[in-house]
Amino acid sequence: MNRILLCSLLALLAAACGTRTTPFVDPPARMDAGPEPDGGFSDAGTDAGTDAGPPDAGTLVVDCGRSEQFTSPRRELTLTAEARSPDGIVSQGWTLLSSPPGASPTLTPSMDGAEALLQQRTEGDYRLRFDAADGAGRSDFCEVTVRSVVGPPVAICPEEALRTTQGVPLTVEGDGYDDLMVVAYRWEIVGMPDGASPTLMGADGPIVQLTASVRGTYVLRLTVFDEDMAMGSCEIMVEVTGPPVVTCPEGPIRAPTRTPVEVTASATDDVGIASRRWELRAQPDGSGATLSPTDRDRTSLTPDRQGRYELRYTATDVEGLTASCTVEVIGTPTPPDVTCPATVTTTPLTSVGITATAEDDGTITRWRWTVTDRPAGSMGAAPSPRNAASTDFTPDVAGVYELTVTATDDDGMTGTCVTRVEAGNVDGLRIEMSWDTNRTDMDLHLMNREGTRWGSGDDDCYYANCNTRMSGVPVLDWYGPDDEDDPRLDIDDTDGFGPENINITTPEPGTYRVAVHNYRGTGPNAVTVRIYCGGSTTTPRRTFGPVDLRGRGTSTSNDFWRVADVTVDASGCTIADLSRAGGTPWIERYSTTRDMR
């Protein structure tokens, strides 16, 4: 058959006329897109050694090239190996392990050097081994099977499976061997994932380029032809991989500020995920928010300012390929979180400072303090200032007060906090009086153990002789030389409600009498008296009233009420109600009873 006719026939197979290939075929370079994962691809005929670059410290590496090589009877073949060691190679050489029956091959030289010439005359397989030893006493070997063939050509594919990435062209190097001449090549795809439409460039030559956009396993077949139209085939598996597939939740996610929100993404990959990473790519001005953790599928963000936060999730697979997605979180306004002292302690008429703080996603524009609960009889002023984070409060009677602070932010949202103010009595004897009528004047009296007349002399403590509001020190000198046993009238309220309070730090033993005079007020005027003694602090020992005291000039003029006797002794105090039989309060005209204890 002439050569022109042969080429015409082979054109139908997309072949081309060619020349004889060399007996030894270098293995094609692997086109992996990254490190091979566990469970990766292998071939039954892998090399005994591969070119892994410079050997690691303390290792000996041997490499025989392809594990299968081809020749024909009576055709010499040079075998070349390589041995590398940081400790130097001290011996290396080839050995013929087996040959076809009746064959008489020769190997020159034997067991001396990295190259050896194989001479043979018989078709079949020749098995050879290359051994090497280094200066550290280590040894290793690799094997090659030389196939001496006659007849149909042999197609030569890469010995190991290949890997590439979606859309990235992969060059696959094939070859063929024939005892005369390989004249045509044909590459074809015989296996692919569903829906794939890959392309092959150079399919009529030994080297082809595969490009695939769908990940999965592809099987390529190489067929070679000789001059007699005999053929041989081989197949190579190519794994097309891609970056991870990442999924983020649909946004935006609306989350109230100062409240943690969890965001979960996911990543899948055909070879395995090596790492995950969250990043906070954008956040409102002034925000100090962070993500935690940053190396898991799930992260947590606590928005601290109103506005937009952009989170990016990136997954990297074991091949080093990455993919990302983003999540938008919108921080929505929330009321201020207000903090204030839970409890503060003081004493009546002693100012105490209280400071509140607020955390907010904006700006606090207004503060307001109010007294939301107070003990009976209290008519004290509001905290001052009322419109600041810090205020002062002065309780006017003993007992428990509740102060509420309200913070308003620039969104008009409010937050509150409550402080309990405990104004505890610290005096051995304390009497508090209050009433319920405005623009009236009730007077509190306390007579000492020796007194007999109300409203004159020094035995009766009342507004005219006992008022310490201006001086702050006792005016009357009842017993010893010091002030501890002297009475103090700390408030004289002349226009309604009270309170009026008389205190003795350490009363001398004896019986003290408590009374109330309606100095100005036609009535009715409901008067209440609370007595602290014997260690009572925020709760009075006894409470009397309310009792109706009517003023002078009325048809039922009752303006003086003898309330109780307080007896102080070493064991504490005893309080005796002075009501008449049947529980009627002892109330008479002041003008007729002032000379009677």
# chains A, B, ... in the order shown; residues from 1 in each chain; ligands from 1
>>> residues_around(residues="Ser104 in chain A", least_positions_apart="3", cutoff="9 Å", atoms="only C-alpha atoms", output="ChimeraX atom specification")
/A:99-101,119-122
>>> residues_around(residues="Gly174 in chain A", least_positions_apart="3", cutoff="12 Å", atoms="only C-alpha atoms", output="PyMOL selection string")
chain A and resi 21+25-29+154-159+171+177+185-187+202-209+220-224+233-236
>>> atom_distance(atom1="CA of Pro507 in chain A", atom2="CA of Ala398 in chain A")
18.4 Å
>>> closest_residue(among="A:Pro341, A:Gly510, A:Gly428, A:Gly137", to="Tyr532 in chain A", atoms="only C-alpha atoms")
A:Gly428
>>> closest_residue(among="A:Trp586, A:Leu280, A:Leu549, A:Val514", to="Ala564 in chain A", atoms="only C-alpha atoms")
A:Val514
>>> atom_distance(atom1="CA of Thr334 in chain A", atom2="CA of Asp392 in chain A")
28.5 Å
>>> select_by_dssp(residues="range 505-557 of chain A", states="strand (DSSP E)", output="list in words")
Gly510, Thr511, Tyr512, Arg513, Val514, Ala515, Val516, His517, Asn518, Tyr519, Arg520, Ala526, Val527, Thr528, Val529, Arg530, Ile531, Tyr532, Cys533, Arg542, Thr543, Phe544, Gly545, Pro546, Val547 and Asp548 of chain A
>>> residues_around(residues="Thr437 in chain A", least_positions_apart="2", cutoff="7 Å", atoms="only C-alpha atoms", output="ChimeraX atom specification")
/A:435,439-440,496-497,525
>>> write_last_selection(atoms="all heavy atoms", output="PDB file, in the first residue's frame")
ATOM      1  N   TRP A 435     -48.897  65.619 108.067  1.00  0.00           N
ATOM      2  CA  TRP A 435     -50.338  65.804 108.004  1.00  0.00           C
ATOM      3  C   TRP A 435     -50.764  65.996 106.558  1.00  0.00           C
ATOM      4  O   TRP A 435     -49.925  66.046 105.648  1.00  0.00           O
ATOM      5  CB  TRP A 435     -50.779  66.958 108.900  1.00  0.00           C
ATOM      6  CG  TRP A 435     -50.224  68.321 108.554  1.00  0.00           C
ATOM      7  CD1 TRP A 435     -50.850  69.307 107.872  1.00  0.00           C
ATOM      8  CD2 TRP A 435     -48.951  68.849 108.923  1.00  0.00           C
ATOM      9  NE1 TRP A 435     -50.059  70.427 107.779  1.00  0.00           N
ATOM     10  CE2 TRP A 435     -48.881  70.173 108.409  1.00  0.00           C
ATOM     11  CE3 TRP A 435     -47.857  68.344 109.647  1.00  0.00           C
ATOM     12  CZ2 TRP A 435     -47.767  70.994 108.599  1.00  0.00           C
ATOM     13  CZ3 TRP A 435     -46.758  69.166 109.820  1.00  0.00           C
ATOM     14  CH2 TRP A 435     -46.705  70.475 109.304  1.00  0.00           C
ATOM     15  N   ARG A 439     -51.169  74.509 103.442  1.00  0.00           N
ATOM     16  CA  ARG A 439     -51.256  75.845 104.028  1.00  0.00           C
ATOM     17  C   ARG A 439     -51.749  75.789 105.475  1.00  0.00           C
ATOM     18  O   ARG A 439     -52.528  76.615 105.933  1.00  0.00           O
ATOM     19  CB  ARG A 439     -52.164  76.746 103.187  1.00  0.00           C
ATOM     20  CG  ARG A 439     -51.649  76.919 101.767  1.00  0.00           C
ATOM     21  CD  ARG A 439     -52.478  77.930 100.988  1.00  0.00           C
ATOM     22  NE  ARG A 439     -52.004  78.036  99.627  1.00  0.00           N
ATOM     23  CZ  ARG A 439     -50.953  78.753  99.226  1.00  0.00           C
ATOM     24  NH1 ARG A 439     -50.279  79.450 100.124  1.00  0.00           N
ATOM     25  NH2 ARG A 439     -50.581  78.777  97.968  1.00  0.00           N
ATOM     26  N   THR A 440     -51.315  74.822 106.184  1.00  0.00           N
ATOM     27  CA  THR A 440     -51.602  74.706 107.618  1.00  0.00           C
ATOM     28  C   THR A 440     -50.290  74.447 108.346  1.00  0.00           C
ATOM     29  O   THR A 440     -49.286  74.088 107.737  1.00  0.00           O
ATOM     30  CB  THR A 440     -52.589  73.565 107.903  1.00  0.00           C
ATOM     31  OG1 THR A 440     -52.048  72.332 107.406  1.00  0.00           O
ATOM     32  CG2 THR A 440     -53.942  73.841 107.246  1.00  0.00           C
ATOM     33  N   GLY A 496     -47.868  73.319 105.551  1.00  0.00           N
ATOM     34  CA  GLY A 496     -48.579  72.119 105.157  1.00  0.00           C
ATOM     35  C   GLY A 496     -47.730  70.890 104.933  1.00  0.00           C
ATOM     36  O   GLY A 496     -46.595  70.974 104.468  1.00  0.00           O
ATOM     37  N   PHE A 497     -48.295  69.772 105.323  1.00  0.00           N
ATOM     38  CA  PHE A 497     -47.859  68.402 105.046  1.00  0.00           C
ATOM     39  C   PHE A 497     -46.709  67.902 105.913  1.00  0.00           C
ATOM     40  O   PHE A 497     -46.607  66.733 106.188  1.00  0.00           O
ATOM     41  CB  PHE A 497     -47.461  68.234 103.574  1.00  0.00           C
ATOM     42  CG  PHE A 497     -48.538  68.646 102.606  1.00  0.00           C
ATOM     43  CD1 PHE A 497     -48.309  69.627 101.668  1.00  0.00           C
ATOM     44  CD2 PHE A 497     -49.794  68.057 102.657  1.00  0.00           C
ATOM     45  CE1 PHE A 497     -49.292  70.004 100.772  1.00  0.00           C
ATOM     46  CE2 PHE A 497     -50.794  68.429 101.764  1.00  0.00           C
ATOM     47  CZ  PHE A 497     -50.542  69.414 100.820  1.00  0.00           C
ATOM     48  N   ASN A 525     -57.665  68.138 109.856  1.00  0.00           N
ATOM     49  CA  ASN A 525     -56.257  67.955 109.567  1.00  0.00           C
ATOM     50  C   ASN A 525     -55.837  66.579 110.096  1.00  0.00           C
ATOM     51  O   ASN A 525     -55.718  66.396 111.314  1.00  0.00           O
ATOM     52  CB  ASN A 525     -55.402  69.034 110.218  1.00  0.00           C
ATOM     53  CG  ASN A 525     -55.856  70.442 109.817  1.00  0.00           C
ATOM     54  OD1 ASN A 525     -55.514  70.924 108.756  1.00  0.00           O
ATOM     55  ND2 ASN A 525     -56.632  71.090 110.688  1.00  0.00           N
TER      56      ASN A 525
END
>>> residues_around(residues="range 76-79 of chain A", least_positions_apart="4", cutoff="12 Å", atoms="only C-alpha atoms", output="PyMOL selection string")
chain A and resi 22-26+63-72+93-96+105-110+113-122+126-130+143-148
>>> residues_around(residues="Trp478 in chain A", least_positions_apart="5", cutoff="12 Å", atoms="only C-alpha atoms", output="PyMOL selection string")
chain A and resi 446-451+457-461+466+483-488+504+506-508+512
>>> select_by_dssp(residues="range 333-540 of chain A", states="alpha helix (DSSP H)", output="ChimeraX atom specification")
/A:463-466
>>> write_last_selection(atoms="N, CA and C atoms", output="compact mmCIF listing (two decimals), in the first residue's frame")
# COMPACT_ATOMS: atom_id res chain seq x y z
N TYR A 463 -41.00 74.23 118.03
CA TYR A 463 -40.42 75.15 117.04
C TYR A 463 -39.77 76.38 117.65
N ALA A 464 -40.31 76.86 118.82
CA ALA A 464 -39.86 78.14 119.36
C ALA A 464 -38.49 78.05 120.03
N ASN A 465 -38.12 76.86 120.51
CA ASN A 465 -36.87 76.79 121.28
C ASN A 465 -35.93 75.66 120.85
N CYS A 466 -36.33 74.88 119.85
CA CYS A 466 -35.58 73.64 119.57
C CYS A 466 -35.18 73.51 118.10
